[in-house]
Structure formats: C-alpha cells, structure tokens
$ cat entry39.txt   # compact mmCIF, N, CA and C atoms
# COMPACT_ATOMS: atom_id res chain seq x y z
N MET A 205 0.85 -1.18 0.00
CA MET A 205 0.00 0.00 0.00
C MET A 205 0.90 1.24 0.00
N ALA A 206 0.56 2.21 -0.79
CA ALA A 206 1.36 3.43 -0.91
C ALA A 206 1.25 4.28 0.35
N ARG A 207 2.33 5.01 0.63
CA ARG A 207 2.33 5.91 1.80
C ARG A 207 1.18 6.91 1.73
N THR A 208 0.80 7.34 0.52
CA THR A 208 -0.30 8.30 0.42
C THR A 208 -1.60 7.69 0.96
N GLU A 209 -1.78 6.40 0.75
CA GLU A 209 -2.97 5.74 1.30
C GLU A 209 -2.87 5.64 2.82
N HIS A 210 -1.67 5.41 3.35
CA HIS A 210 -1.47 5.41 4.80
C HIS A 210 -1.81 6.79 5.38
N ILE A 211 -1.36 7.82 4.70
CA ILE A 211 -1.64 9.19 5.16
C ILE A 211 -3.14 9.45 5.14
N ASP A 212 -3.82 9.00 4.10
CA ASP A 212 -5.27 9.18 4.02
C ASP A 212 -5.96 8.50 5.20
N ARG A 213 -5.53 7.28 5.55
CA ARG A 213 -6.13 6.57 6.69
C ARG A 213 -5.85 7.31 7.99
N LEU A 214 -4.62 7.73 8.18
CA LEU A 214 -4.26 8.45 9.41
C LEU A 214 -5.06 9.73 9.57
N SER A 215 -5.33 10.41 8.47
CA SER A 215 -6.03 11.70 8.54
C SER A 215 -7.48 11.56 9.00
N THR A 216 -8.04 10.37 8.94
CA THR A 216 -9.43 10.17 9.35
C THR A 216 -9.57 9.89 10.85
N LEU A 217 -8.46 9.62 11.53
CA LEU A 217 -8.52 9.28 12.95
C LEU A 217 -8.65 10.53 13.82
N ALA A 218 -9.48 10.43 14.84
CA ALA A 218 -9.71 11.58 15.72
C ALA A 218 -8.42 12.13 16.31
N LEU A 219 -7.51 11.26 16.71
CA LEU A 219 -6.27 11.71 17.33
C LEU A 219 -5.43 12.57 16.40
N PHE A 220 -5.53 12.31 15.11
CA PHE A 220 -4.70 13.02 14.14
C PHE A 220 -5.46 14.06 13.32
N ARG A 221 -6.69 14.34 13.67
CA ARG A 221 -7.51 15.22 12.83
C ARG A 221 -6.99 16.64 12.74
N LYS A 222 -6.18 17.08 13.67
CA LYS A 222 -5.64 18.45 13.63
C LYS A 222 -4.22 18.49 13.08
N CYS A 223 -3.67 17.33 12.69
CA CYS A 223 -2.31 17.28 12.18
C CYS A 223 -2.23 17.78 10.74
N SER A 224 -1.12 18.41 10.43
CA SER A 224 -0.89 18.86 9.06
C SER A 224 -0.53 17.66 8.18
N LYS A 225 -0.58 17.87 6.89
CA LYS A 225 -0.21 16.80 5.95
C LYS A 225 1.25 16.39 6.19
N LYS A 226 2.10 17.36 6.48
CA LYS A 226 3.51 17.06 6.74
C LYS A 226 3.65 16.19 8.00
N ASP A 227 2.86 16.49 9.04
CA ASP A 227 2.88 15.68 10.26
C ASP A 227 2.41 14.25 9.95
N LEU A 228 1.35 14.14 9.16
CA LEU A 228 0.83 12.82 8.79
C LEU A 228 1.87 12.04 7.98
N GLN A 229 2.61 12.73 7.14
CA GLN A 229 3.68 12.07 6.38
C GLN A 229 4.75 11.53 7.32
N ARG A 230 5.09 12.31 8.34
CA ARG A 230 6.10 11.87 9.32
C ARG A 230 5.61 10.62 10.07
N ILE A 231 4.34 10.64 10.46
CA ILE A 231 3.77 9.49 11.18
C ILE A 231 3.78 8.26 10.28
N ALA A 232 3.35 8.42 9.04
CA ALA A 232 3.32 7.30 8.10
C ALA A 232 4.72 6.74 7.87
N LYS A 233 5.70 7.62 7.76
CA LYS A 233 7.08 7.18 7.54
C LYS A 233 7.62 6.40 8.75
N ALA A 234 7.18 6.78 9.95
CA ALA A 234 7.64 6.11 11.17
C ALA A 234 6.86 4.83 11.45
N SER A 235 5.86 4.52 10.64
CA SER A 235 5.01 3.34 10.82
C SER A 235 5.44 2.24 9.89
N ASP A 236 4.93 1.03 10.15
CA ASP A 236 5.18 -0.05 9.22
C ASP A 236 3.89 -0.83 8.98
N GLU A 237 3.78 -1.33 7.77
CA GLU A 237 2.60 -2.12 7.40
C GLU A 237 2.89 -3.58 7.70
N ILE A 238 1.95 -4.23 8.38
CA ILE A 238 2.11 -5.66 8.70
C ILE A 238 0.84 -6.40 8.30
N SER A 239 0.96 -7.70 8.16
CA SER A 239 -0.18 -8.58 7.92
C SER A 239 -0.27 -9.57 9.06
N VAL A 240 -1.49 -9.86 9.50
CA VAL A 240 -1.70 -10.86 10.54
C VAL A 240 -2.83 -11.79 10.10
N ALA A 241 -2.78 -13.01 10.58
CA ALA A 241 -3.79 -14.02 10.25
C ALA A 241 -4.97 -13.91 11.21
N ALA A 242 -6.12 -14.36 10.74
CA ALA A 242 -7.30 -14.44 11.61
C ALA A 242 -6.93 -15.21 12.88
N GLY A 243 -7.41 -14.73 14.02
CA GLY A 243 -7.13 -15.39 15.29
C GLY A 243 -5.93 -14.81 16.03
N THR A 244 -5.17 -13.94 15.37
CA THR A 244 -4.00 -13.32 16.01
C THR A 244 -4.45 -12.32 17.06
N THR A 245 -3.85 -12.39 18.24
CA THR A 245 -4.13 -11.42 19.29
C THR A 245 -3.30 -10.18 19.03
N LEU A 246 -3.97 -9.04 18.91
CA LEU A 246 -3.29 -7.76 18.70
C LEU A 246 -2.92 -7.11 20.03
N MET A 247 -3.79 -7.27 21.03
CA MET A 247 -3.49 -6.74 22.36
C MET A 247 -4.29 -7.49 23.41
N GLU A 248 -3.68 -7.61 24.57
CA GLU A 248 -4.30 -8.29 25.72
C GLU A 248 -4.74 -7.24 26.73
N GLN A 249 -5.94 -7.37 27.22
CA GLN A 249 -6.43 -6.46 28.25
C GLN A 249 -5.50 -6.54 29.46
N GLY A 250 -5.09 -5.38 29.96
CA GLY A 250 -4.23 -5.31 31.13
C GLY A 250 -2.75 -5.21 30.82
N ASP A 251 -2.33 -5.61 29.62
CA ASP A 251 -0.92 -5.49 29.24
C ASP A 251 -0.56 -4.03 29.00
N ALA A 252 0.72 -3.70 29.15
CA ALA A 252 1.18 -2.34 28.84
C ALA A 252 1.09 -2.13 27.34
N GLY A 253 0.57 -0.98 26.96
CA GLY A 253 0.46 -0.65 25.54
C GLY A 253 1.77 -0.11 25.01
N THR A 254 2.23 -0.65 23.89
CA THR A 254 3.48 -0.18 23.30
C THR A 254 3.32 0.27 21.86
N GLU A 255 2.16 0.03 21.26
CA GLU A 255 1.94 0.38 19.87
C GLU A 255 0.45 0.51 19.60
N ALA A 256 0.16 1.16 18.48
CA ALA A 256 -1.23 1.30 18.02
C ALA A 256 -1.32 0.72 16.62
N TYR A 257 -2.54 0.39 16.23
CA TYR A 257 -2.78 -0.19 14.91
C TYR A 257 -3.89 0.58 14.20
N VAL A 258 -3.69 0.82 12.92
CA VAL A 258 -4.73 1.36 12.05
C VAL A 258 -5.08 0.24 11.09
N ILE A 259 -6.35 -0.10 11.02
CA ILE A 259 -6.77 -1.22 10.17
C ILE A 259 -6.88 -0.75 8.72
N LEU A 260 -6.11 -1.40 7.87
CA LEU A 260 -6.13 -1.11 6.43
C LEU A 260 -7.11 -2.04 5.72
N GLU A 261 -7.11 -3.31 6.12
CA GLU A 261 -8.04 -4.30 5.58
C GLU A 261 -8.35 -5.32 6.67
N GLY A 262 -9.58 -5.81 6.68
CA GLY A 262 -9.96 -6.85 7.61
C GLY A 262 -10.77 -6.32 8.79
N GLU A 263 -11.04 -7.22 9.74
CA GLU A 263 -11.84 -6.87 10.91
C GLU A 263 -11.21 -7.45 12.16
N ALA A 264 -11.46 -6.76 13.27
CA ALA A 264 -10.99 -7.23 14.58
C ALA A 264 -12.15 -7.16 15.57
N ILE A 265 -12.11 -8.04 16.54
CA ILE A 265 -13.11 -8.08 17.61
C ILE A 265 -12.48 -7.49 18.87
N VAL A 266 -13.23 -6.63 19.55
CA VAL A 266 -12.77 -6.02 20.80
C VAL A 266 -13.60 -6.60 21.93
N ARG A 267 -12.90 -7.07 22.98
CA ARG A 267 -13.58 -7.62 24.16
C ARG A 267 -13.06 -6.93 25.41
N ARG A 268 -13.97 -6.71 26.34
CA ARG A 268 -13.61 -6.20 27.67
C ARG A 268 -14.17 -7.18 28.68
N GLY A 269 -13.31 -7.66 29.54
CA GLY A 269 -13.76 -8.63 30.53
C GLY A 269 -14.40 -9.84 29.89
N GLY A 270 -13.93 -10.23 28.70
CA GLY A 270 -14.45 -11.40 28.01
C GLY A 270 -15.71 -11.14 27.19
N ARG A 271 -16.30 -9.95 27.31
CA ARG A 271 -17.54 -9.62 26.60
C ARG A 271 -17.24 -8.79 25.35
N LYS A 272 -17.78 -9.20 24.20
CA LYS A 272 -17.58 -8.46 22.96
C LYS A 272 -18.22 -7.08 23.08
N VAL A 273 -17.43 -6.04 22.79
CA VAL A 273 -17.95 -4.67 22.89
C VAL A 273 -17.91 -3.93 21.56
N ALA A 274 -17.14 -4.45 20.59
CA ALA A 274 -17.06 -3.75 19.30
C ALA A 274 -16.43 -4.64 18.24
N THR A 275 -16.70 -4.27 17.00
CA THR A 275 -16.01 -4.83 15.85
C THR A 275 -15.35 -3.67 15.14
N LEU A 276 -14.06 -3.78 14.88
CA LEU A 276 -13.32 -2.74 14.19
C LEU A 276 -13.10 -3.18 12.75
N LYS A 277 -13.12 -2.22 11.84
CA LYS A 277 -12.93 -2.53 10.42
C LYS A 277 -11.99 -1.51 9.78
N ALA A 278 -11.78 -1.63 8.49
CA ALA A 278 -10.87 -0.74 7.78
C ALA A 278 -11.18 0.73 8.10
N GLY A 279 -10.14 1.46 8.46
CA GLY A 279 -10.28 2.86 8.82
C GLY A 279 -10.33 3.09 10.32
N ASP A 280 -10.58 2.04 11.09
CA ASP A 280 -10.61 2.16 12.54
C ASP A 280 -9.20 1.97 13.10
N ALA A 281 -9.03 2.35 14.36
CA ALA A 281 -7.74 2.19 15.03
C ALA A 281 -7.96 1.54 16.39
N ALA A 282 -6.88 0.94 16.89
CA ALA A 282 -6.91 0.33 18.22
C ALA A 282 -5.60 0.68 18.92
N GLY A 283 -5.69 1.06 20.19
CA GLY A 283 -4.51 1.30 21.00
C GLY A 283 -3.87 2.65 20.85
N GLU A 284 -4.59 3.64 20.34
CA GLU A 284 -3.99 4.95 20.07
C GLU A 284 -3.40 5.63 21.31
N LEU A 285 -4.00 5.44 22.47
CA LEU A 285 -3.49 6.11 23.66
C LEU A 285 -2.10 5.59 24.05
N ALA A 286 -1.75 4.39 23.60
CA ALA A 286 -0.42 3.85 23.87
C ALA A 286 0.66 4.65 23.15
N LEU A 287 0.26 5.48 22.21
CA LEU A 287 1.23 6.34 21.54
C LEU A 287 1.71 7.46 22.45
N LEU A 288 0.89 7.80 23.43
CA LEU A 288 1.21 8.92 24.31
C LEU A 288 1.79 8.48 25.64
N ASP A 289 1.37 7.33 26.13
CA ASP A 289 1.93 6.78 27.36
C ASP A 289 1.78 5.27 27.31
N ARG A 290 2.07 4.58 28.40
CA ARG A 290 2.00 3.11 28.38
C ARG A 290 1.01 2.61 29.42
N PRO A 291 -0.26 2.99 29.28
CA PRO A 291 -1.24 2.52 30.26
C PRO A 291 -1.57 1.05 30.01
N PRO A 292 -2.14 0.38 31.00
CA PRO A 292 -2.61 -0.98 30.73
C PRO A 292 -3.69 -0.94 29.64
N ARG A 293 -3.66 -1.90 28.75
CA ARG A 293 -4.68 -1.97 27.70
C ARG A 293 -6.05 -2.15 28.33
N SER A 294 -7.02 -1.42 27.81
CA SER A 294 -8.37 -1.47 28.38
C SER A 294 -9.21 -2.57 27.75
N ALA A 295 -8.68 -3.23 26.72
CA ALA A 295 -9.46 -4.28 26.05
C ALA A 295 -8.53 -5.30 25.39
N TYR A 296 -9.13 -6.42 25.06
CA TYR A 296 -8.50 -7.48 24.29
C TYR A 296 -8.95 -7.29 22.85
N VAL A 297 -8.00 -7.34 21.91
CA VAL A 297 -8.34 -7.18 20.50
C VAL A 297 -7.73 -8.34 19.72
N GLU A 298 -8.57 -8.99 18.92
CA GLU A 298 -8.16 -10.15 18.13
C GLU A 298 -8.59 -9.98 16.68
N ALA A 299 -7.75 -10.39 15.76
CA ALA A 299 -8.08 -10.36 14.34
C ALA A 299 -9.20 -11.36 14.07
N ALA A 300 -10.33 -10.88 13.56
CA ALA A 300 -11.45 -11.76 13.22
C ALA A 300 -11.26 -12.34 11.82
N THR A 301 -10.49 -11.65 11.01
CA THR A 301 -10.17 -12.07 9.64
C THR A 301 -8.68 -11.85 9.44
N ASP A 302 -8.16 -12.31 8.32
CA ASP A 302 -6.81 -11.90 7.95
C ASP A 302 -6.82 -10.38 7.83
N MET A 303 -5.75 -9.74 8.25
CA MET A 303 -5.74 -8.29 8.30
C MET A 303 -4.43 -7.71 7.77
N ARG A 304 -4.54 -6.51 7.23
CA ARG A 304 -3.38 -5.67 6.95
C ARG A 304 -3.51 -4.47 7.87
N LEU A 305 -2.42 -4.15 8.57
CA LEU A 305 -2.45 -3.11 9.58
C LEU A 305 -1.29 -2.14 9.39
N LEU A 306 -1.51 -0.92 9.78
CA LEU A 306 -0.44 0.05 9.90
C LEU A 306 -0.10 0.09 11.38
N ARG A 307 1.12 -0.33 11.72
CA ARG A 307 1.55 -0.38 13.12
C ARG A 307 2.39 0.85 13.42
N ILE A 308 1.99 1.54 14.50
CA ILE A 308 2.72 2.72 14.94
C ILE A 308 3.28 2.41 16.32
N LYS A 309 4.59 2.35 16.43
CA LYS A 309 5.22 2.05 17.71
C LYS A 309 5.27 3.30 18.58
N GLY A 310 4.91 3.13 19.83
CA GLY A 310 4.84 4.25 20.76
C GLY A 310 6.16 5.00 20.90
N ALA A 311 7.27 4.27 21.02
CA ALA A 311 8.58 4.92 21.19
C ALA A 311 8.92 5.79 19.98
N SER A 312 8.68 5.28 18.79
CA SER A 312 8.95 6.05 17.56
C SER A 312 8.07 7.28 17.50
N PHE A 313 6.80 7.10 17.89
CA PHE A 313 5.86 8.21 17.85
C PHE A 313 6.25 9.29 18.84
N ARG A 314 6.61 8.90 20.06
CA ARG A 314 7.00 9.89 21.07
C ARG A 314 8.27 10.64 20.64
N LYS A 315 9.17 9.95 19.95
CA LYS A 315 10.36 10.62 19.42
C LYS A 315 9.95 11.68 18.40
N LEU A 316 9.01 11.34 17.53
CA LEU A 316 8.49 12.32 16.57
C LEU A 316 7.92 13.54 17.28
N LEU A 317 7.18 13.31 18.35
CA LEU A 317 6.59 14.42 19.09
C LEU A 317 7.66 15.33 19.69
N SER A 318 8.72 14.73 20.20
CA SER A 318 9.78 15.54 20.80
C SER A 318 10.53 16.35 19.74
N GLU A 319 10.59 15.84 18.53
CA GLU A 319 11.27 16.53 17.43
C GLU A 319 10.37 17.54 16.72
N THR A 320 9.06 17.42 16.92
CA THR A 320 8.10 18.26 16.19
C THR A 320 7.07 18.83 17.17
N PRO A 321 7.42 19.87 17.91
CA PRO A 321 6.50 20.44 18.91
C PRO A 321 5.14 20.85 18.32
N SER A 322 5.11 21.29 17.08
CA SER A 322 3.82 21.68 16.49
C SER A 322 2.89 20.48 16.38
N MET A 323 3.44 19.29 16.13
CA MET A 323 2.61 18.09 16.07
C MET A 323 2.04 17.79 17.44
N ALA A 324 2.85 17.94 18.48
CA ALA A 324 2.38 17.71 19.85
C ALA A 324 1.23 18.67 20.18
N LEU A 325 1.35 19.91 19.77
CA LEU A 325 0.26 20.87 20.02
C LEU A 325 -1.00 20.49 19.26
N ASN A 326 -0.84 20.00 18.05
CA ASN A 326 -2.01 19.57 17.26
C ASN A 326 -2.69 18.37 17.91
N LEU A 327 -1.90 17.45 18.46
CA LEU A 327 -2.47 16.29 19.16
C LEU A 327 -3.21 16.73 20.42
N LEU A 328 -2.63 17.67 21.15
CA LEU A 328 -3.31 18.18 22.34
C LEU A 328 -4.64 18.83 21.96
N ALA A 329 -4.66 19.56 20.87
CA ALA A 329 -5.91 20.18 20.41
C ALA A 329 -6.94 19.12 20.04
N ALA A 330 -6.51 18.05 19.38
CA ALA A 330 -7.43 16.97 19.00
C ALA A 330 -7.96 16.27 20.25
N LEU A 331 -7.09 16.01 21.22
CA LEU A 331 -7.53 15.37 22.47
C LEU A 331 -8.50 16.27 23.21
N SER A 332 -8.24 17.56 23.23
CA SER A 332 -9.14 18.50 23.88
C SER A 332 -10.52 18.47 23.23
N THR A 333 -10.56 18.44 21.92
CA THR A 333 -11.83 18.36 21.20
C THR A 333 -12.57 17.07 21.55
N SER A 334 -11.84 15.96 21.61
CA SER A 334 -12.46 14.68 21.96
C SER A 334 -13.02 14.70 23.37
N ILE A 335 -12.28 15.28 24.30
CA ILE A 335 -12.76 15.38 25.69
C ILE A 335 -14.01 16.24 25.76
N ARG A 336 -14.02 17.35 25.06
CA ARG A 336 -15.21 18.22 25.04
C ARG A 336 -16.42 17.49 24.44
N ASP A 337 -16.18 16.73 23.36
CA ASP A 337 -17.26 15.97 22.74
C ASP A 337 -17.83 14.93 23.70
N LEU A 338 -16.94 14.23 24.40
CA LEU A 338 -17.40 13.24 25.39
C LEU A 338 -18.15 13.91 26.54
N ASP A 339 -17.66 15.06 26.97
CA ASP A 339 -18.33 15.79 28.05
C ASP A 339 -19.75 16.16 27.63
N ARG A 340 -19.90 16.67 26.42
CA ARG A 340 -21.24 17.04 25.92
C ARG A 340 -22.13 15.81 25.81
N LYS A 341 -21.57 14.70 25.37
CA LYS A 341 -22.32 13.47 25.21
C LYS A 341 -22.83 12.95 26.57
N ILE A 342 -21.96 13.04 27.57
CA ILE A 342 -22.32 12.52 28.90
C ILE A 342 -23.20 13.49 29.67
N TYR A 343 -22.83 14.78 29.67
CA TYR A 343 -23.50 15.76 30.54
C TYR A 343 -24.43 16.72 29.82
N GLY A 344 -24.43 16.66 28.50
CA GLY A 344 -25.36 17.50 27.74
C GLY A 344 -24.85 18.85 27.40

$ encode --input "entry39.txt" --output "structure tokens"
Amino acid sequence: MARTEHIDRLSTLALFRKCSKKDLQRIAKASDEISVAAGTTLMEQGDAGTEAYVILEGEAIVRRGGRKVATLKAGDAAGELALLDRPPRSAYVEAATDMRLLRIKGASFRKLLSETPSMALNLLAALSTSIRDLDRKIYG
C-alpha cells in the first residue's frame, strides 16, 4: 500500500484530525505495514500498551472482561493512547479475519513528538476536542 494511502487513513482518525499533511507524512514514515492471520491477538487487556494499529483491511473483535464490545474494520484504530503513554490496555483485540495493519510504535511516535512540537500541540488540540465531545455526550 502506498504511503499516500497510509496518510489518508491516518487523517481520518480523531487523534490526528488536527495534524498537518507534513505531520501525517512523518507518522506514516515512522510506521510499518504488517499482515496478521485471523485469530491473532493484537493486544491483551491489562498489558502495557506499546503500539497502536490502524486497520487497512480486515476486521478485529474487541472484548472487555471477556464480553464483545465492538467490531473494528478498515479505517478504525486500536490502541492509540499507547502512543502517548504506556497505560494498561483497556481491552483485548483479536483479528477476526486476515488483516493488513499500519503499526505505529509508541517509542517512535514519542520521538516524533519531541522533534516536532507543532505536532504535539495539534495532538493536544485533538484530544481537547475529543474530551469536550465526550463531556457534551455525557453531561449534555
């Protein structure tokens, strides 16, 4: 898949919605495309998060406490908060089908942020917007 397609996928994610095209290019360059087979565990609930995934093709099942809570498909992401810190994973994610993924390693991403302060500010703005949206959704 061409880097331009990776950039297009990244631009649709809430975390990156305020990033410039140049920032998205940097993120895409620091990422790698991988393929996984159906049944592959992408993340275990409770484990430290070290990377995030953007789904390019295929589907994944998300479970919390053993209960299915979501199905992710092309264009969705999993584990994005692990790009900013290493919290315990809040869910178990497994490939429901064969998948192609864009993997973003947290250490590489944090290095990008330290080298590009404007990108860090754009991410903070996107997170702020997400928090405000959630606040409105919960409290009206």

$ closest_residue --input "entry39.txt" --among "A:Thr208, A:Ala252, A:Ile259, A:Lys233" --to "A:Lys277" --atoms "only N, CA and C atoms"
A:Ile259

$ select_by_dssp --input "entry39.txt" --residues "stretch 230-261 of chain A" --states "strand (DSSP E or B)" --output "list in words"
Asp236, Glu237, Ile238, Ser239, Val240, Thr245, Leu246, Met247, Ala252, Glu255, Ala256, Tyr257, Val258, Ile259, Leu260 and Glu261 of chain A

$ residues_around --input "entry39.txt" --residues "A:Leu287" --least-positions-apart "3" --cutoff "9 Å" --atoms "only C-alpha atoms" --output "short mmCIF file (atom, residue, chain, number, x, y, z; two decimals) with N, CA and C atoms, in the frame of the given file"
data_model
loop_
_atom_site.label_atom_id
_atom_site.label_comp_id
_atom_site.auth_asym_id
_atom_site.auth_seq_id
_atom_site.Cartn_x
_atom_site.Cartn_y
_atom_site.Cartn_z
N GLY A 253 0.57 -0.98 26.96
CA GLY A 253 0.46 -0.65 25.54
C GLY A 253 1.77 -0.11 25.01
N THR A 254 2.23 -0.65 23.89
CA THR A 254 3.48 -0.18 23.30
C THR A 254 3.32 0.27 21.86
N GLU A 255 2.16 0.03 21.26
CA GLU A 255 1.94 0.38 19.87
C GLU A 255 0.45 0.51 19.60
N ALA A 256 0.16 1.16 18.48
CA ALA A 256 -1.23 1.30 18.02
C ALA A 256 -1.32 0.72 16.62
N GLY A 283 -5.69 1.06 20.19
CA GLY A 283 -4.51 1.30 21.00
C GLY A 283 -3.87 2.65 20.85
N GLU A 284 -4.59 3.64 20.34
CA GLU A 284 -3.99 4.95 20.07
C GLU A 284 -3.40 5.63 21.31
N ARG A 290 2.07 4.58 28.40
CA ARG A 290 2.00 3.11 28.38
C ARG A 290 1.01 2.61 29.42
N ILE A 308 1.99 1.54 14.50
CA ILE A 308 2.72 2.72 14.94
C ILE A 308 3.28 2.41 16.32
N LYS A 309 4.59 2.35 16.43
CA LYS A 309 5.22 2.05 17.71
C LYS A 309 5.27 3.30 18.58
N GLY A 310 4.91 3.13 19.83
CA GLY A 310 4.84 4.25 20.76
C GLY A 310 6.16 5.00 20.90
N ALA A 311 7.27 4.27 21.02
CA ALA A 311 8.58 4.92 21.19
C ALA A 311 8.92 5.79 19.98
N SER A 312 8.68 5.28 18.79
CA SER A 312 8.95 6.05 17.56
C SER A 312 8.07 7.28 17.50
N PHE A 313 6.80 7.10 17.89
CA PHE A 313 5.86 8.21 17.85
C PHE A 313 6.25 9.29 18.84
N ARG A 314 6.61 8.90 20.06
CA ARG A 314 7.00 9.89 21.07
C ARG A 314 8.27 10.64 20.64
#

$ residues_around --input "entry39.txt" --residues "A:Ala278" --least-positions-apart "4" --cutoff "6.5 Å" --atoms "all atoms listed in the file" --output "PDB file with N, CA and C atoms, in the coordinates of the input"
ATOM      1  N   ILE A 259      -6.350  -0.100  11.020  1.00  0.00           N
ATOM      2  CA  ILE A 259      -6.770  -1.220  10.170  1.00  0.00           C
ATOM      3  C   ILE A 259      -6.880  -0.750   8.720  1.00  0.00           C
ATOM      4  N   LEU A 260      -6.110  -1.400   7.870  1.00  0.00           N
ATOM      5  CA  LEU A 260      -6.130  -1.110   6.430  1.00  0.00           C
ATOM      6  C   LEU A 260      -7.110  -2.040   5.720  1.00  0.00           C
ATOM      7  N   GLU A 261      -7.110  -3.310   6.120  1.00  0.00           N
ATOM      8  CA  GLU A 261      -8.040  -4.300   5.580  1.00  0.00           C
ATOM      9  C   GLU A 261      -8.350  -5.320   6.670  1.00  0.00           C
ATOM     10  N   GLY A 262      -9.580  -5.810   6.680  1.00  0.00           N
ATOM     11  CA  GLY A 262      -9.960  -6.850   7.610  1.00  0.00           C
ATOM     12  C   GLY A 262     -10.770  -6.320   8.790  1.00  0.00           C
ATOM     13  N   GLU A 263     -11.040  -7.220   9.740  1.00  0.00           N
ATOM     14  CA  GLU A 263     -11.840  -6.870  10.910  1.00  0.00           C
ATOM     15  C   GLU A 263     -11.210  -7.450  12.160  1.00  0.00           C
TER      16      GLU A 263
END

$ residues_near_point --input "entry39.txt" --point "(-6.3, -2.1, 17.3)" --cutoff "6 Å" --atoms "only C-alpha atoms" --output "list of chain:residue names"
A:Tyr257, A:Ala281, A:Ala282, A:Gly283

$ atom_distance --input "entry39.txt" --atom1 "atom CA of A:Ser322" --atom2 "atom CA of A:Arg304"
29.8 Å

$ residues_near_point --input "entry39.txt" --point "(-6.1, 15.7, 12.1)" --cutoff "12 Å" --atoms "only C-alpha atoms" --output "count of residues only"
31

$ decode --input "entry39.txt" --residues "stretch 277-283 of chain A" --atoms "all heavy atoms" --output "CSV table (one decimal), in the first residue's frame"
chain,number,residue,atom,x,y,z
A,277,LYS,N,-13.1,-2.2,11.8
A,277,LYS,CA,-12.9,-2.5,10.4
A,277,LYS,C,-12.0,-1.5,9.8
A,277,LYS,O,-11.5,-0.6,10.5
A,277,LYS,CB,-14.3,-2.6,9.7
A,277,LYS,CG,-15.1,-1.3,9.9
A,277,LYS,CD,-16.5,-1.5,9.3
A,277,LYS,CE,-17.3,-0.3,9.3
A,277,LYS,NZ,-17.8,0.2,10.5
A,278,ALA,N,-11.8,-1.6,8.5
A,278,ALA,CA,-10.9,-0.7,7.8
A,278,ALA,C,-11.2,0.7,8.1
A,278,ALA,O,-12.3,1.1,8.1
A,278,ALA,CB,-11.0,-1.0,6.3
A,279,GLY,N,-10.1,1.5,8.5
A,279,GLY,CA,-10.3,2.9,8.8
A,279,GLY,C,-10.3,3.1,10.3
A,279,GLY,O,-10.2,4.2,10.8
A,280,ASP,N,-10.6,2.0,11.1
A,280,ASP,CA,-10.6,2.2,12.5
A,280,ASP,C,-9.2,2.0,13.1
A,280,ASP,O,-8.3,1.5,12.4
A,280,ASP,CB,-11.5,1.1,13.2
A,280,ASP,CG,-13.0,1.4,12.8
A,280,ASP,OD1,-13.4,2.5,12.7
A,280,ASP,OD2,-13.8,0.4,12.8
A,281,ALA,N,-9.0,2.3,14.4
A,281,ALA,CA,-7.7,2.2,15.0
A,281,ALA,C,-8.0,1.5,16.4
A,281,ALA,O,-9.0,1.6,17.0
A,281,ALA,CB,-7.1,3.6,15.2
A,282,ALA,N,-6.9,0.9,16.9
A,282,ALA,CA,-6.9,0.3,18.2
A,282,ALA,C,-5.6,0.7,18.9
A,282,ALA,O,-4.5,0.6,18.3
A,282,ALA,CB,-7.1,-1.2,18.1
A,283,GLY,N,-5.7,1.1,20.2
A,283,GLY,CA,-4.5,1.3,21.0
A,283,GLY,C,-3.9,2.7,20.9
A,283,GLY,O,-2.7,2.8,21.2
